[in-house]
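Reproduced below: input29.cif, with mmCIF, C-alpha atoms.
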data_input
#
loop_
_atom_site.label_atom_id
_atom_site.label_comp_id
_atom_site.auth_asym_id
_atom_site.auth_seq_id
_atom_site.Cartn_x
_atom_site.Cartn_y
_atom_site.Cartn_z
CA MET A 2 29.57 -7.35 52.72
CA GLU A 3 28.72 -8.09 49.17
CA GLN A 4 27.05 -5.33 47.28
CA SER A 5 25.06 -6.24 44.24
CA LEU A 6 25.53 -4.05 41.21
CA PRO A 7 22.44 -2.65 39.54
CA ILE A 8 21.66 -4.58 36.38
CA MET A 9 20.96 -2.49 33.32
CA VAL A 10 18.18 -4.00 31.32
CA SER A 11 17.46 -2.39 27.98
CA VAL A 12 13.76 -2.34 27.37
CA PRO A 13 12.99 -1.92 23.66
CA ARG A 14 11.19 1.37 23.10
CA PRO A 15 7.82 0.74 21.45
CA THR A 16 7.49 2.02 17.90
CA LEU A 17 5.46 5.11 17.07
CA GLY A 18 2.78 2.88 15.59
CA ALA A 19 2.61 0.75 18.74
CA ARG A 20 2.37 3.85 20.95
CA LEU A 21 -0.34 5.47 18.83
CA THR A 22 -2.46 2.35 18.57
CA SER A 23 -1.86 0.97 22.06
CA SER A 24 -5.03 0.01 23.93
CA GLU A 25 -3.62 1.24 27.25
CA THR A 26 -5.60 4.12 28.74
CA GLN A 27 -3.43 7.09 29.66
CA GLY A 28 -4.02 10.49 31.21
CA ALA A 29 -6.10 13.12 29.40
CA ALA A 30 -3.02 15.08 28.35
CA GLN A 31 -1.35 12.02 26.81
CA GLU A 32 -4.56 11.04 25.06
CA LEU A 33 -4.94 14.53 23.62
CA ALA A 34 -1.31 14.37 22.49
CA ARG A 35 -2.03 11.03 20.80
CA LEU A 36 -5.07 12.58 19.12
CA GLY A 37 -3.04 15.58 17.97
CA ALA A 38 -0.31 13.30 16.60
CA GLY A 39 -2.92 11.38 14.61
CA LEU A 40 -4.37 14.53 13.11
CA GLY A 41 -0.90 15.81 12.27
CA LEU A 42 0.01 12.53 10.60
CA ALA A 43 -3.21 12.66 8.56
CA GLY A 44 -1.97 16.01 7.24
CA LEU A 45 0.98 14.18 5.61
CA TYR A 46 -1.46 12.30 3.40
CA GLY A 47 -3.04 15.62 2.47
CA LEU A 48 0.37 17.07 1.63
CA ALA A 49 1.04 14.09 -0.63
CA LEU A 50 -2.25 14.66 -2.46
CA GLY A 51 -1.58 18.40 -2.70
CA ALA A 52 1.69 17.68 -4.51
CA ARG A 53 -0.44 17.07 -7.61
CA SER A 54 -1.15 20.78 -7.94
CA GLY A 55 1.49 22.25 -5.61
CA GLY A 56 1.41 25.68 -3.99
CA MET A 57 -1.57 26.46 -1.80
CA ALA A 58 -3.11 23.10 -2.67
CA LEU A 59 -0.55 21.49 -0.36
CA VAL A 60 -1.91 23.35 2.67
CA GLN A 61 -5.51 22.99 1.54
CA HIS A 62 -5.26 19.22 1.17
CA ALA A 63 -3.31 18.81 4.43
CA LEU A 64 -5.91 20.73 6.42
CA CYS A 65 -8.80 18.97 4.76
CA ALA A 66 -7.38 15.47 5.34
CA SER A 67 -6.95 16.20 9.06
CA ALA A 68 -10.31 17.97 9.27
CA GLY A 69 -12.21 14.82 8.28
CA LEU A 70 -10.82 12.96 11.30
CA ALA A 71 -11.14 16.00 13.58
CA ALA A 72 -14.82 16.36 12.65
CA VAL A 73 -15.54 12.78 13.70
CA GLY A 74 -13.65 13.34 16.95
CA LEU A 75 -15.33 16.63 17.80
CA LEU A 76 -18.86 15.98 16.60
CA GLY A 77 -19.22 12.21 16.76
CA LEU A 78 -17.47 11.01 19.90
CA PRO A 79 -19.26 13.24 22.47
CA ALA A 80 -22.58 12.30 20.89
CA LEU A 81 -21.69 8.60 21.06
CA PHE A 82 -20.72 8.94 24.71
CA VAL A 83 -24.05 10.62 25.57
CA LEU A 84 -26.08 8.00 23.72
CA LEU A 85 -24.18 5.10 25.33
CA ALA A 86 -24.69 6.70 28.75
CA LEU A 87 -28.43 6.90 28.06
CA VAL A 88 -28.59 3.10 27.75
CA ASN A 89 -26.46 2.72 30.90
CA ALA A 90 -23.37 1.45 29.13
CA PRO A 91 -20.35 1.34 31.46
CA VAL A 92 -18.32 3.94 29.58
CA SER A 93 -16.44 6.76 31.25
CA PRO A 94 -15.38 10.01 29.58
CA SER A 95 -11.71 9.08 30.00
CA ALA A 96 -12.23 5.62 28.46
CA MET A 97 -14.15 7.21 25.60
CA LEU A 98 -11.42 9.79 25.08
CA SER A 99 -8.84 7.01 25.04
CA ALA A 100 -10.81 4.93 22.53
CA GLY A 101 -11.40 7.96 20.31
CA ALA A 102 -7.78 9.10 20.47
CA ARG A 103 -6.58 5.61 19.67
CA SER A 104 -8.89 5.23 16.68
CA LEU A 105 -8.16 8.66 15.23
CA ALA A 106 -4.43 8.18 15.80
CA SER A 107 -4.62 4.81 14.02
CA ALA A 108 -6.42 6.37 11.06
CA GLY A 109 -3.91 9.22 10.94
CA PHE A 110 -0.99 6.82 11.17
CA VAL A 111 -2.33 4.73 8.30
CA LEU A 112 -2.85 7.87 6.21
CA ALA A 113 0.75 8.89 6.94
CA GLY A 114 1.95 5.42 5.92
CA LEU A 115 0.06 5.71 2.66
CA ALA A 116 1.47 9.18 1.98
CA PRO A 117 4.59 8.09 -0.02
CA SER A 118 2.52 5.89 -2.32
CA ALA A 119 -0.17 8.58 -2.57
CA ALA A 120 2.42 11.19 -3.53
CA LEU A 121 3.73 8.99 -6.35
CA LEU A 122 0.26 8.20 -7.63
CA ALA A 123 -1.13 11.74 -7.26
CA VAL A 124 1.79 13.29 -9.11
CA THR A 125 2.15 10.75 -11.92
CA ILE A 126 -1.44 9.77 -12.71
CA GLU A 127 -2.81 11.98 -15.48
CA SER A 128 -6.50 11.17 -15.29
CA PRO A 129 -8.35 13.19 -12.59
CA ASP A 130 -10.82 10.31 -12.16
CA ALA A 131 -8.07 7.79 -11.45
CA ALA A 132 -6.38 10.21 -9.03
CA ALA A 133 -9.68 10.70 -7.23
CA PHE A 134 -10.21 6.93 -7.06
CA VAL A 135 -6.79 6.39 -5.49
CA THR A 136 -7.46 9.19 -2.99
CA ARG A 137 -10.83 7.71 -2.02
CA ALA A 138 -9.28 4.26 -1.62
CA GLY A 139 -6.66 5.61 0.80
CA LEU A 140 -9.20 7.53 2.85
CA THR A 141 -11.53 4.52 2.97
CA LEU A 142 -8.74 2.22 4.12
CA ALA A 143 -7.57 4.56 6.89
CA GLY A 144 -11.09 5.49 7.95
CA GLY A 145 -12.07 1.83 8.03
CA ILE A 146 -9.13 0.94 10.27
CA GLY A 147 -9.91 3.87 12.59
CA LEU A 148 -13.54 2.84 12.84
CA PHE A 149 -12.53 -0.77 13.47
CA GLN A 150 -10.30 0.36 16.35
CA LEU A 151 -13.06 2.48 17.88
CA THR A 152 -15.80 -0.13 17.67
CA SER A 153 -13.44 -2.81 19.02
CA ALA A 154 -12.51 -0.61 21.99
CA VAL A 155 -16.14 0.27 22.78
CA ARG A 156 -17.30 -3.33 22.39
CA ALA A 157 -14.62 -4.40 24.86
CA MET A 158 -16.19 -2.03 27.42
CA LEU A 159 -19.60 -3.65 26.98
CA GLN A 160 -18.59 -7.21 27.90
CA ALA A 161 -20.21 -7.13 31.34
CA LEU A 162 -23.56 -5.78 30.13
CA PRO A 163 -26.72 -7.93 29.98
CA ALA A 164 -27.61 -9.09 26.48
CA GLU A 165 -30.46 -6.63 25.95
CA SER A 166 -28.41 -3.56 26.84
CA ARG A 167 -25.54 -4.89 24.78
CA TRP A 168 -27.77 -5.17 21.72
CA LYS A 169 -28.88 -1.56 22.19
CA CYS A 170 -25.26 -0.47 22.40
CA GLN A 171 -24.37 -2.49 19.31
CA ALA A 172 -27.20 -0.79 17.41
CA LEU A 173 -25.91 2.59 18.57
CA LEU A 174 -22.44 1.67 17.40
CA VAL A 175 -23.76 0.73 13.95
CA GLY A 176 -25.63 4.04 13.78
CA PHE A 177 -22.53 5.91 14.90
CA SER A 178 -20.41 4.13 12.30
CA LEU A 179 -22.76 5.22 9.51
CA PHE A 180 -22.78 8.78 10.85
CA ALA A 181 -18.97 8.83 11.10
CA ILE A 182 -18.60 7.56 7.53
CA MET A 183 -21.02 10.19 6.20
CA LEU A 184 -19.43 12.99 8.23
CA ALA A 185 -15.87 12.14 7.23
CA ALA A 186 -16.94 11.75 3.59
CA ARG A 187 -18.71 15.14 3.75
CA VAL A 188 -15.50 16.85 4.89
CA TRP A 189 -13.12 14.85 2.73
CA TYR A 190 -15.19 15.51 -0.39
CA SER A 191 -14.11 19.13 -0.17
CA LEU A 192 -10.59 17.96 -1.11
CA PRO A 193 -9.84 19.61 -4.46
CA ILE A 194 -8.41 16.34 -5.82
CA LEU A 195 -11.81 14.70 -5.32
CA GLN A 196 -13.49 17.53 -7.19
CA GLY A 197 -11.50 16.84 -10.32
CA ALA A 198 -8.65 19.26 -9.77
CA ALA A 199 -5.90 18.41 -12.23
CA MET B 22 29.55 -12.66 6.18
CA ASN B 23 29.53 -14.24 2.69
CA ALA B 24 28.68 -17.65 4.10
CA GLN B 25 25.90 -16.08 6.15
CA VAL B 26 24.52 -14.34 3.08
CA LEU B 27 24.55 -17.58 1.08
CA SER B 28 22.79 -19.43 3.87
CA VAL B 29 20.11 -16.70 3.90
CA PHE B 30 19.57 -17.29 0.15
CA ASP B 31 18.86 -20.91 0.96
CA GLU B 32 16.61 -19.97 3.85
CA LEU B 33 14.66 -17.50 1.71
CA LEU B 34 13.61 -20.37 -0.50
CA ARG B 35 13.29 -23.24 1.97
CA SER B 36 12.31 -21.72 5.32
CA PRO B 37 10.16 -18.62 4.95
CA ARG B 38 8.89 -19.23 8.49
CA ALA B 39 12.41 -18.92 9.94
CA ILE B 40 13.03 -15.71 7.96
CA ALA B 41 9.71 -14.28 9.13
CA GLU B 42 10.48 -15.11 12.75
CA ARG B 43 13.93 -13.58 12.50
CA SER B 44 12.46 -10.36 11.09
CA ARG B 45 9.89 -10.25 13.88
CA ALA B 46 12.46 -10.85 16.58
CA GLY B 47 14.73 -8.03 15.39
CA GLY B 48 18.40 -8.28 16.40
CA ASP B 49 21.15 -8.29 13.78
CA LEU B 50 19.33 -8.25 10.46
CA ARG B 51 22.31 -7.19 8.33
CA PRO B 52 22.92 -10.60 6.65
CA LEU B 53 19.20 -10.76 5.86
CA PHE B 54 19.21 -7.23 4.41
CA VAL B 55 22.33 -7.88 2.29
CA ALA B 56 21.17 -11.27 1.01
CA SER B 57 17.65 -10.03 0.21
CA LEU B 58 18.94 -6.93 -1.54
CA ALA B 59 21.41 -9.01 -3.56
CA ALA B 60 18.66 -11.48 -4.49
CA LEU B 61 16.39 -8.62 -5.51
CA VAL B 62 18.94 -6.82 -7.67
CA LEU B 63 20.27 -9.98 -9.33
CA GLY B 64 16.93 -11.73 -9.70
CA ALA B 65 15.00 -8.78 -11.06
CA GLY B 66 17.95 -7.81 -13.25
CA VAL B 67 18.15 -11.27 -14.83
CA PHE B 68 14.40 -11.42 -15.40
CA GLY B 69 14.32 -7.87 -16.80
CA ALA B 70 17.07 -8.72 -19.27
CA THR B 71 15.26 -11.95 -20.18
CA LEU B 72 12.09 -10.01 -21.01
CA ALA B 73 14.13 -7.75 -23.27
CA THR B 74 15.43 -10.68 -25.36
CA SER B 75 12.34 -10.20 -27.52
CA ARG B 76 13.79 -6.81 -28.58
CA GLY B 77 17.49 -7.38 -27.97
CA GLY B 78 20.28 -4.82 -28.17
CA VAL B 79 20.49 -2.04 -25.63
CA GLN B 80 17.02 -2.93 -24.31
CA LEU B 81 18.68 -5.88 -22.51
CA LEU B 82 20.74 -3.48 -20.44
CA TYR B 83 17.91 -1.02 -19.88
CA SER B 84 15.44 -3.63 -18.67
CA GLY B 85 18.10 -5.34 -16.57
CA VAL B 86 18.62 -2.06 -14.74
CA LYS B 87 15.04 -0.80 -14.67
CA LEU B 88 13.26 -3.83 -13.22
CA PRO B 89 15.36 -3.93 -10.01
CA LEU B 90 14.97 -0.15 -9.82
CA ALA B 91 11.18 -0.45 -10.07
CA MET B 92 11.08 -3.14 -7.37
CA LEU B 93 13.36 -1.19 -5.02
CA ALA B 94 11.41 2.04 -5.49
CA THR B 95 8.17 0.20 -4.82
CA MET B 96 9.59 -1.34 -1.65
CA LEU B 97 10.68 2.07 -0.38
CA LEU B 98 7.23 3.51 -1.00
CA VAL B 99 5.12 0.70 0.45
CA VAL B 100 7.02 -0.18 3.64
CA PRO B 101 5.52 2.77 5.60
CA ALA B 102 2.05 1.75 4.44
CA PHE B 103 2.65 -1.85 5.50
CA HIS B 104 3.96 -0.70 8.89
CA ALA B 105 0.93 1.56 9.41
CA ILE B 106 -1.68 -0.97 8.28
CA SER B 107 -0.14 -3.65 10.46
CA ALA B 108 -0.04 -1.37 13.53
CA GLY B 109 -3.53 -0.05 12.82
CA LEU B 110 -4.91 -3.57 12.78
CA GLY B 111 -3.20 -4.49 16.03
CA ARG B 112 0.02 -6.19 14.83
CA PRO B 113 2.73 -3.58 15.38
CA LEU B 114 6.22 -4.71 14.34
CA SER B 115 9.45 -2.77 14.67
CA PHE B 116 10.21 -0.66 11.61
CA SER B 117 13.51 -2.48 10.98
CA GLY B 118 11.72 -5.81 11.29
CA MET B 119 9.15 -4.57 8.80
CA ILE B 120 11.87 -3.52 6.35
CA GLY B 121 13.58 -6.90 6.82
CA LEU B 122 10.35 -8.77 6.19
CA THR B 123 9.43 -6.73 3.11
CA LEU B 124 12.92 -6.90 1.66
CA ALA B 125 13.12 -10.66 2.29
CA ALA B 126 9.75 -11.10 0.58
CA ALA B 127 10.92 -9.07 -2.40
CA GLY B 128 14.14 -11.09 -2.52
CA ARG B 129 12.20 -14.33 -2.47
CA GLY B 130 9.97 -13.07 -5.28
CA ALA B 131 13.03 -12.10 -7.29
CA LEU B 132 14.54 -15.58 -6.84
CA VAL B 133 11.30 -17.03 -8.22
CA LEU B 134 11.67 -14.68 -11.19
CA VAL B 135 15.19 -16.07 -11.75
CA ALA B 136 13.76 -19.58 -11.78
CA LEU B 137 11.18 -18.52 -14.38
CA SER B 138 13.71 -16.74 -16.59
CA PRO B 139 14.87 -19.78 -18.65
CA LEU B 140 11.28 -20.69 -19.52
CA THR B 141 10.50 -17.09 -20.41
CA TRP B 142 13.60 -16.87 -22.59
CA LEU B 143 12.70 -20.13 -24.34
CA CYS B 144 9.20 -18.82 -25.08
CA PHE B 145 10.56 -15.62 -26.62
CA ASP B 146 13.21 -17.60 -28.50
CA ARG B 147 10.52 -19.84 -29.99
CA GLY B 148 8.77 -16.77 -31.37
CA LEU B 149 6.33 -15.70 -28.66
CA SER B 150 4.88 -12.42 -29.91
CA TYR B 151 4.52 -9.14 -28.04
CA HIS B 152 1.04 -9.36 -26.45
CA PRO B 153 1.29 -13.00 -25.27
CA GLY B 154 4.75 -12.02 -24.02
CA VAL B 155 3.19 -9.31 -21.85
CA LEU B 156 0.73 -11.86 -20.47
CA LEU B 157 3.54 -14.32 -19.75
CA ALA B 158 5.43 -11.61 -17.87
CA VAL B 159 2.31 -10.79 -15.84
CA ALA B 160 1.88 -14.47 -14.96
CA CYS B 161 5.52 -14.63 -13.81
CA TYR B 162 5.08 -11.50 -11.66
CA ALA B 163 1.92 -13.01 -10.16
CA LEU B 164 3.75 -16.23 -9.21
CA ALA B 165 6.66 -14.28 -7.73
CA GLY B 166 4.25 -11.99 -5.89
CA LEU B 167 2.39 -14.92 -4.36
CA SER B 168 5.57 -16.49 -3.04
CA ALA B 169 6.60 -13.10 -1.61
CA LEU B 170 3.23 -12.55 0.07
CA ASP B 171 3.44 -16.06 1.56
CA LEU B 172 6.55 -14.94 3.47
CA VAL B 173 4.86 -11.69 4.55
CA LEU B 174 1.84 -13.63 5.79
CA ARG B 175 4.05 -15.82 7.97
CA GLY B 176 5.56 -12.65 9.38
CA VAL B 177 2.29 -11.05 10.44
CA GLY B 178 0.57 -14.31 11.45
CA CYS B 179 -1.50 -16.81 9.50
CA ASP B 180 -4.96 -15.95 10.85
CA VAL B 181 -7.91 -13.86 9.66
CA ARG B 182 -6.31 -10.61 10.80
CA GLY B 183 -3.02 -11.55 9.20
CA VAL B 184 -4.76 -12.34 5.91
CA LEU B 185 -6.59 -8.99 6.10
CA ILE B 186 -3.32 -7.10 6.71
CA VAL B 187 -1.59 -8.89 3.85
CA GLY B 188 -4.60 -8.37 1.56
CA LEU B 189 -4.65 -4.63 2.21
CA PHE B 190 -0.88 -4.44 1.84
CA ALA B 191 -1.12 -6.34 -1.45
CA ALA B 192 -3.66 -3.79 -2.74
CA VAL B 193 -1.30 -0.89 -1.90
CA LEU B 194 1.61 -2.83 -3.40
CA LEU B 195 -0.29 -3.52 -6.61
CA ALA B 196 -1.29 0.11 -7.12
CA THR B 197 2.13 1.52 -6.24
CA GLY B 198 4.19 -1.15 -7.99
CA GLY B 199 2.00 -0.99 -11.07
CA GLN B 200 2.41 2.76 -11.40
CA THR B 201 6.16 2.65 -10.68
CA ALA B 202 6.69 0.01 -13.34
CA TRP B 203 4.45 1.95 -15.72
CA MET B 204 6.64 5.02 -15.30
CA LEU B 205 9.80 3.02 -16.00
CA ARG B 206 8.51 1.15 -19.07
CA PRO B 207 9.25 -0.18 -21.66
CA PHE B 208 10.60 -3.47 -20.33
CA LEU B 209 9.87 -5.67 -23.36
CA GLY B 210 10.18 -3.11 -26.10
CA ARG B 211 8.40 -3.47 -29.40
CA PRO B 212 10.40 -5.36 -32.05
CA SER B 213 9.16 -2.83 -34.63
CA ALA B 214 10.33 0.22 -32.66
CA VAL B 215 13.22 2.03 -34.36
CA SER B 216 14.85 3.43 -31.23
CA VAL B 217 14.91 2.16 -27.66
CA PRO B 218 14.15 4.83 -25.06
CA PHE B 219 15.31 4.42 -21.45
CA PHE B 220 12.08 6.08 -20.25
CA ARG B 221 8.96 6.81 -22.21
CA ALA B 222 7.38 10.23 -21.92
CA ARG B 223 4.79 10.53 -19.14
CA GLU B 224 1.44 9.50 -20.53
CA SER B 225 -1.77 8.11 -19.07
CA SER B 226 -1.27 5.79 -16.07
CA PHE B 227 -1.12 2.15 -15.10
CA TRP B 228 -4.69 2.50 -13.90
CA ASP B 229 -5.92 3.92 -17.22
CA ALA B 230 -4.10 1.15 -19.07
CA VAL B 231 -5.81 -1.51 -16.97
CA GLN B 232 -9.17 0.16 -17.61
CA GLN B 233 -8.48 0.42 -21.33
CA SER B 234 -7.34 -3.20 -21.57
CA SER B 235 -10.44 -4.35 -19.70
CA MET B 236 -12.66 -2.44 -22.10
CA SER B 237 -10.76 -3.84 -25.07
CA MET B 238 -11.39 -7.34 -23.72
CA LEU B 239 -15.12 -6.54 -23.82
CA GLY B 240 -14.82 -5.35 -27.42
CA VAL B 241 -15.01 -1.61 -26.68
CA TYR B 242 -12.19 0.28 -28.36
CA PRO B 243 -12.11 3.96 -27.40
CA VAL B 244 -11.10 6.36 -30.13
CA THR B 245 -9.91 9.82 -29.15
CA ARG B 246 -12.59 12.50 -29.42
CA ALA B 247 -10.62 14.57 -31.91
CA LEU B 248 -10.04 11.56 -34.17
CA SER B 249 -13.66 10.40 -34.08
CA ALA B 250 -14.92 13.95 -34.71
CA ALA B 251 -12.56 14.35 -37.66
CA ASP B 252 -13.52 11.27 -39.64
CA GLY B 253 -16.84 10.32 -38.02
CA ARG B 254 -15.52 6.91 -36.95
CA LYS B 255 -17.62 4.62 -34.75
CA VAL B 256 -16.29 4.59 -31.19
CA SER B 257 -17.02 0.89 -30.78
CA ALA B 258 -15.19 -0.15 -33.95
CA PRO B 259 -12.24 -2.44 -33.25
CA PRO B 260 -8.89 -1.08 -34.39
CA SER B 261 -7.12 -2.50 -37.37
CA GLU B 262 -4.30 -4.99 -36.88
CA GLN B 263 -1.62 -2.39 -37.52
CA ARG B 264 -3.23 0.36 -35.46
CA GLU B 265 -3.78 -1.63 -32.25
CA ASN B 266 -1.51 -0.30 -29.50
CA ALA B 267 0.78 1.08 -32.18
CA ASP B 268 2.03 3.81 -29.88
CA GLU B 269 2.28 1.70 -26.81
CA SER B 270 5.10 -0.33 -25.41
CA ARG B 271 5.30 -2.24 -22.10
#

Output the file's structure in the form of structure tokens.
Amino acid sequence: MEQSLPIMVSVPRPTLGARLTSSETQGAAQELARLGAGLGLAGLYGLALGARSGGMALVQHALCASAGLAAVGLLGLPALFVLLALVNAPVSPSAMLSAGARSLASAGFVLAGLAPSAALLAVTIESPDAAAFVTRAGLTLAGGIGLFQLTSAVRAMLQALPAESRWKCQALLVGFSLFAIMLAARVWYSLPILQGAA
Amino acid sequence: MNAQVLSVFDELLRSPRAIAERSRAGGDLRPLFVASLAALVLGAGVFGATLATSRGGVQLLYSGVKLPLAMLATMLLVVPAFHAISAGLGRPLSFSGMIGLTLAAAGRGALVLVALSPLTWLCFDRGLSYHPGVLLAVACYALAGLSALDLVLRGVGCDVRGVLIVGLFAAVLLATGGQTAWMLRPFLGRPSAVSVPFFRARESSFWDAVQQSSMSMLGVYPVTRALSAADGRKVSAPPSEQRENADESR
């Protein structure tokens, strides 16, 4: 009797970026891990900015960079879920957690990617204004990508809705986006480098 | 291996699409890495030395070493950003593929710089002065950069999202590359300078220089506060011919 040998197929392991930004919904624990990874990665950008002053500024900047994203996650996402539920949008807490984790992880991953460039610029640029501009540009880029991920994920959940309800949800999303931008900016503006620290 | 490397040189110039697809697919990227790195070091080295012909002497060696160094350092710093932006906007590539794509793009840009070197040398030989020389160098970098970004665009996909990814990457590249090059200047060297330093002391930034040059174009010439307070000079007064950028060298 012929016995077939098991065939070993090597499946390429997805990159960290692909795992963090994947649109697949996972269990709550995995989603929270993804969220935590995103916040940790955002801290790398803060560390890079803190290298301008060194010492305690490293920790201060790292915490503050992560706190901006954490604030949006903690204060913004539950509120968005409640408001979407009020207009009968077909969103579940797990889908919302997944969308939020994905968007915050994306923003954190982008901030981590920008960290090497940010470190060079923060350390070598003399003018505090120019350093602040570069910092703002990095935060805007990462925040923008995170917000893009979140709104894309939520919009995908609204496909089956009638037009009127969809418009209401779109308006809520615009309102949420403005709130998220203001909230993140409020937290990030406490970064010493944005307050003119040399 | 050598034949493979030479064929990659040819491909870098003629078939950016094939290079981009190879980077995306992964697999054995060693010939691509070696050929791109060689193109980058040789190409940027030749162009750096060509820029220094306006000054001559040891500046030829310094610029020939520093320009490849600036490009390599920039590549190392921006690849993580490119990887993250691409993944964040829904186009995740493997990290090695990303390095291959970025290195190939830099190699292609450096080969364009080689092609522009004879013209640049001729311009300096025919007496092109310092400031137009800087502008000529900027134009050469822009051309090389465009051909490099063309390859990157083919790698991430030629659609709206691909253009957005490449645009954002180009912004990071410009800021990082500009500052790296600023730290490693001078590349041209002033003909009037007595000595040729390998590095200049840390001063200002690429960003400040761009701002200052933009203001100068509008006819606003900032004078340091201490200087203006000492002799009551007008801040908007243009500098004299000798004074303009006397302490600066790019």

Item to check | Residue list for chain A near chain B as a VMD selection string, 9 Å, only C-alpha atoms | outcome: chain A and resid 15 to 16 18 to 19 21 to 23 104 106 to 108 110 to 119 121 to 122 125 to 128 131 135 139 142 to 143 146 to 147 149 to 150

Checklist entry - By how many Å are CA of Gly144 (chain A) and CA of Ala186 (chain A) apart? => result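 It comes out at 9.6 Å.
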
Checklist outcome for this item: Between A:Leu70, A:Ala63, A:Ala80, A:Leu45, smallest distance to Pro94 (chain A) by only C-alpha atoms belongs to A:Ala80

Item to check | Polymer residues at most 9 Å from region 73-78 of chain A, only C-alpha atoms, same-chain spacing of 5 or more positions, as a list in words | outcome: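 Contacts, with the query itself left out: Leu36, Ala68, Val83, Met97, Leu98, Gly101, Ala102, Leu105, Phe177, Phe180, Ala181, Ile182, Leu184 and Ala185 of chain A.
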
Item to check | Nearby residues, (6.1, -16.3, -6.1) file frame, 9 Å, all atoms listed in the file, as a PyMOL selection string | outcome: chain B and resi 129-134+161-171

Item to check | From B:Ala160, B:Met119, B:Leu82, B:Leu27, residue lying nearest Ala56 (chain B) [only C-alpha atoms] | outcome: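 Selected residue with least distance to Ala56 (chain B): B:Leu27.
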
Checklist entry - What is the distance, in Å and to one decimal place, between CA of Gly47 (chain A) and CA of Ala120 (chain A)? => result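 If I compute the distance from CA of Gly47 (chain A) to CA of Ala120 (chain A), I get 9.2 Å.
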
Item to check | For Ala157 (chain A), the nearest of the candidates A:Leu64, A:Ala71, A:Leu40, A:Val92, counting all atoms listed in the file | outcome: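 When distances to Ala157 (chain A) are compared using all atoms listed in the file, the smallest one comes from A:Val92.
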
Checklist entry - Suppose you want the space between CA of Arg156 (chain A) and CA of Phe82 (chain A); what is it in Å? => result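 Separation of CA of Arg156 (chain A) and CA of Phe82 (chain A): 12.9 Å.
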
Item to check | Counting only C-alpha atoms, the residue of B:Leu93, B:Ala158, B:Leu172, B:Val217 that sits nearest Ala59 (chain B) | outcome: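 Closest candidate: B:Leu93.
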
Checklist entry - Ser166 (chain A): which residues within 8 Å, counting all atoms listed in the file, same-chain residues fewer than 3 positions away excluded, as a list in words? => result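 Residues meeting the cut-off are Val88, Asn89, Ala90, Leu162, Pro163, Lys169 and Cys170 of chain A.
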
Completion of region 35-47 of chain B up to N, CA and C atoms, as a compact mmCIF listing (two decimals), in the coordinates of the input:
# COMPACT_ATOMS: atom_id res chain seq x y z
N ARG B 35 13.75 -22.04 1.27
CA ARG B 35 13.29 -23.24 1.97
C ARG B 35 12.51 -22.96 3.25
N SER B 36 12.91 -21.93 3.99
CA SER B 36 12.31 -21.72 5.32
C SER B 36 11.78 -20.30 5.49
N PRO B 37 10.72 -19.97 4.78
CA PRO B 37 10.16 -18.62 4.95
C PRO B 37 9.72 -18.35 6.39
N ARG B 38 9.32 -19.42 7.10
CA ARG B 38 8.89 -19.23 8.49
C ARG B 38 10.05 -18.73 9.36
N ALA B 39 11.24 -19.33 9.14
CA ALA B 39 12.41 -18.92 9.94
C ALA B 39 12.79 -17.47 9.63
N ILE B 40 12.71 -17.10 8.36
CA ILE B 40 13.03 -15.71 7.96
C ILE B 40 12.03 -14.76 8.60
N ALA B 41 10.76 -15.14 8.56
CA ALA B 41 9.71 -14.28 9.13
C ALA B 41 9.93 -14.11 10.62
N GLU B 42 10.27 -15.20 11.30
CA GLU B 42 10.48 -15.11 12.75
C GLU B 42 11.70 -14.26 13.08
N ARG B 43 12.73 -14.39 12.27
CA ARG B 43 13.93 -13.58 12.50
C ARG B 43 13.62 -12.09 12.33
N SER B 44 12.84 -11.77 11.32
CA SER B 44 12.46 -10.36 11.09
C SER B 44 11.65 -9.83 12.27
N ARG B 45 10.75 -10.67 12.75
CA ARG B 45 9.89 -10.25 13.88
C ARG B 45 10.70 -10.04 15.14
N ALA B 46 11.68 -10.91 15.35
CA ALA B 46 12.46 -10.85 16.58
C ALA B 46 13.41 -9.66 16.61
N GLY B 47 13.77 -9.14 15.46
CA GLY B 47 14.73 -8.03 15.39
C GLY B 47 16.14 -8.56 15.51
